[in-house]
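Peer 1: If you scroll down you'll find the structure; I have some questions about it.
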Amino acid sequence: MATVVASLLRPGGRLFIREQHPVLWALDDTCTDRLVIGYSYFEQAEPLVVDEPGTYVATDTVFEHNVTHEWNHGLSQIVTALMQAGLQLTMLEEHDSVPWEALPGQMQCDEHGEWRLIDRPWRLPASYTLQAARV
């Protein structure tokens, strides 16, 4: 995927990502009273197969096909893929917040619409911002 992004950028073009942190992807979001690592932080050969109705977008539409196949990618794997595709990392910042309630019952929304853990939010990298440029 990084090579596709790199091929679409002109020299000097920038990639900007704000994404859920791989640590947050590894947490079991069905556990509402504590943080539990339920999935691998590192990419595995076999995908995590998820069958959940709906989407993250608010809609009244009922979907028939809801099975997804997902792989988590550690932060170093993401950065390395971008560098191998010829992009230069210009910024990487981790955040203790996300713009949605990723862990229902364990997060609260602040005045900017960002969700953080209620209890000691500094414990969890919830999202990251990355910028890279094509040289």
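Chains: A, B, ... in order of the structure tokens. Residues: from 1 per chain. Ligands: from 1, in order shown.
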Considering only C-alpha atoms, tabulate each residue of region 15-53 of chain A that lies at most 8 Å from region 122-132 of chain A along with its nearest interatomic pair and the corresponding distance in Å to one decimal; arrange the rows by chain and ascending residue number and present them as JSON lines.
Peer 2:
```
{"residue": "A:Leu15", "atom": "CA", "partner": "A:Ala132", "partner_atom": "CA", "distance": 5.2}
{"residue": "A:Phe16", "atom": "CA", "partner": "A:Gln131", "partner_atom": "CA", "distance": 4.6}
{"residue": "A:Ile17", "atom": "CA", "partner": "A:Leu130", "partner_atom": "CA", "distance": 5.1}
{"residue": "A:Arg18", "atom": "CA", "partner": "A:Thr129", "partner_atom": "CA", "distance": 4.4}
{"residue": "A:Glu19", "atom": "CA", "partner": "A:Ser127", "partner_atom": "CA", "distance": 5.5}
{"residue": "A:Gln20", "atom": "CA", "partner": "A:Ser127", "partner_atom": "CA", "distance": 4.2}
{"residue": "A:His21", "atom": "CA", "partner": "A:Ser127", "partner_atom": "CA", "distance": 4.2}
{"residue": "A:Pro22", "atom": "CA", "partner": "A:Ser127", "partner_atom": "CA", "distance": 8.0}
{"residue": "A:Val23", "atom": "CA", "partner": "A:Pro125", "partner_atom": "CA", "distance": 6.7}
{"residue": "A:Leu24", "atom": "CA", "partner": "A:Ala126", "partner_atom": "CA", "distance": 5.5}
```
Peer 1: Please produce a file of the residues just selected, as a compact mmCIF listing (two decimals), in the first residue's frame, where the atoms kept are N, CA, C and O atoms.
Peer 2:
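This went into out10.txt:
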```txt
# COMPACT_ATOMS: atom_id res chain seq x y z
N LEU A 15 2.14 12.99 2.42
CA LEU A 15 1.15 12.08 2.96
C LEU A 15 0.89 12.50 4.39
O LEU A 15 1.83 12.75 5.15
N PHE A 16 -0.37 12.60 4.76
CA PHE A 16 -0.74 12.96 6.13
C PHE A 16 -1.75 11.93 6.62
O PHE A 16 -2.77 11.69 5.95
N ILE A 17 -1.45 11.29 7.75
CA ILE A 17 -2.33 10.26 8.31
C ILE A 17 -2.63 10.59 9.76
O ILE A 17 -1.72 10.91 10.53
N ARG A 18 -3.88 10.48 10.14
CA ARG A 18 -4.27 10.41 11.56
C ARG A 18 -5.04 9.12 11.68
O ARG A 18 -6.08 8.94 11.06
N GLU A 19 -4.51 8.19 12.47
CA GLU A 19 -5.04 6.83 12.50
C GLU A 19 -5.06 6.29 13.92
O GLU A 19 -4.30 6.74 14.78
N GLN A 20 -5.91 5.32 14.13
CA GLN A 20 -5.95 4.60 15.40
C GLN A 20 -4.60 3.92 15.62
O GLN A 20 -4.05 3.31 14.71
N HIS A 21 -4.06 4.04 16.82
CA HIS A 21 -2.76 3.46 17.14
C HIS A 21 -2.85 1.94 17.14
O HIS A 21 -3.85 1.37 17.58
N PRO A 22 -1.82 1.24 16.67
CA PRO A 22 -1.84 -0.22 16.68
C PRO A 22 -2.04 -0.83 18.08
O PRO A 22 -2.60 -1.92 18.20
N VAL A 23 -1.63 -0.14 19.13
CA VAL A 23 -1.88 -0.65 20.48
C VAL A 23 -3.38 -0.67 20.75
O VAL A 23 -3.90 -1.64 21.32
N LEU A 24 -4.09 0.36 20.32
CA LEU A 24 -5.53 0.38 20.51
C LEU A 24 -6.22 -0.72 19.70
O LEU A 24 -7.17 -1.34 20.17
```
Peer 1: Run DSSP on the backbone and tell me which residues of region 1-126 of chain A come out as strand (DSSP E); list them as an NGL selection string.
Peer 2: :A and (14-20 or 48-51 or 67-70 or 87-95 or 107-109 or 115-117)
Peer 1: Considering only C-alpha atoms, state which residue in the set A:Leu75, A:Val57, A:Leu117, A:Ala81 is at the smallest distance from Glu94 (chain A).
Peer 2: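 Distance minimum relative to Glu94 (chain A) lands on A:Leu75.
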Peer 1: One number please: CA of Gln108 (chain A) to CA of Gly74 (chain A), in Å, one decimal.
Peer 2: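 These atoms are spaced 25.7 Å apart.
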Peer 1: Rounded to one decimal place, report the CA of Trp115 (chain A)-CA of Val36 (chain A) distance in Å.
Peer 2: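 Those two atoms sit 18.1 Å apart.
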Peer 1: Excluding Thr32 (chain A) and residues on its chain fewer than 5 positions from it, collect all residues at most 7 Å away from it, counting only C-alpha atoms, and give them as a PyMOL selection string.
Peer 2: chain A and resi 104-106
Peer 1: What does the distance from CA of Asp119 (chain A) to CA of Tyr56 (chain A) come to in Å, to one decimal?
Peer 2: 24.7 Å
Peer 1: Report as a ChimeraX atom specification all protein, DNA and RNA residues lying within 12 Å of Leu87 (chain A), evaluated on only C-alpha atoms, omitting residues in the same chain fewer than 6 positions from it.
Peer 2: /A:2-16,78-81,130-135
Peer 1: May I have the residues within 7 Å of His69 (chain A) as a PyMOL selection string, using only C-alpha atoms and disregarding those fewer than 4 positions away in the same chain?
Peer 2: chain A and resi 47-50
Peer 1: Just write the chosen residues, all heavy atoms, as a short mmCIF file (atom, residue, chain, number, x, y, z; two decimals), in the first residue's frame.
Peer 2:
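Generated file (selection06.cif):
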```
data_model
loop_
_atom_site.label_atom_id
_atom_site.label_comp_id
_atom_site.auth_asym_id
_atom_site.auth_seq_id
_atom_site.Cartn_x
_atom_site.Cartn_y
_atom_site.Cartn_z
N PRO A 47 -5.67 -13.38 9.07
CA PRO A 47 -6.38 -12.16 9.48
C PRO A 47 -7.29 -12.41 10.68
O PRO A 47 -7.66 -13.55 10.97
CB PRO A 47 -7.22 -11.82 8.25
CG PRO A 47 -7.52 -13.15 7.64
CD PRO A 47 -6.24 -13.96 7.85
N LEU A 48 -7.65 -11.34 11.33
CA LEU A 48 -8.72 -11.37 12.31
C LEU A 48 -10.00 -11.25 11.49
O LEU A 48 -10.17 -10.30 10.72
CB LEU A 48 -8.59 -10.19 13.27
CG LEU A 48 -9.73 -9.99 14.27
CD1 LEU A 48 -9.82 -11.17 15.22
CD2 LEU A 48 -9.53 -8.70 15.04
N VAL A 49 -10.89 -12.21 11.61
CA VAL A 49 -12.14 -12.21 10.86
C VAL A 49 -13.23 -11.67 11.77
O VAL A 49 -13.46 -12.18 12.85
CB VAL A 49 -12.50 -13.62 10.35
CG1 VAL A 49 -13.82 -13.60 9.57
CG2 VAL A 49 -11.37 -14.16 9.47
N VAL A 50 -13.87 -10.59 11.33
CA VAL A 50 -14.88 -9.91 12.12
C VAL A 50 -16.20 -9.93 11.36
O VAL A 50 -16.23 -9.64 10.17
CB VAL A 50 -14.46 -8.44 12.41
CG1 VAL A 50 -15.52 -7.72 13.22
CG2 VAL A 50 -13.12 -8.42 13.12
#
```
Peer 1: Enumerate the residues of chain A with a DSSP assignment of helix (DSSP H, G or I), computed from the backbone, and present them as a VMD selection string.
Peer 2: chain A and resid 2 to 8 22 to 26 75 to 84 121 to 123
Peer 1: Closest to Ala26 (chain A) among A:Thr61, A:Thr55, A:Thr90, A:Asn72, using only C-alpha atoms?
Peer 2: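 For Ala26 (chain A), the nearest of the candidates is A:Asn72.
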Peer 1: Go through A:Asp110, A:Pro53, A:Phe42, A:Glu93 one by one, measure the shortest atom-to-atom distance of each to Ser76 (chain A) using only C-alpha atoms, and give the residue with the smallest value.
Peer 2: A:Phe42
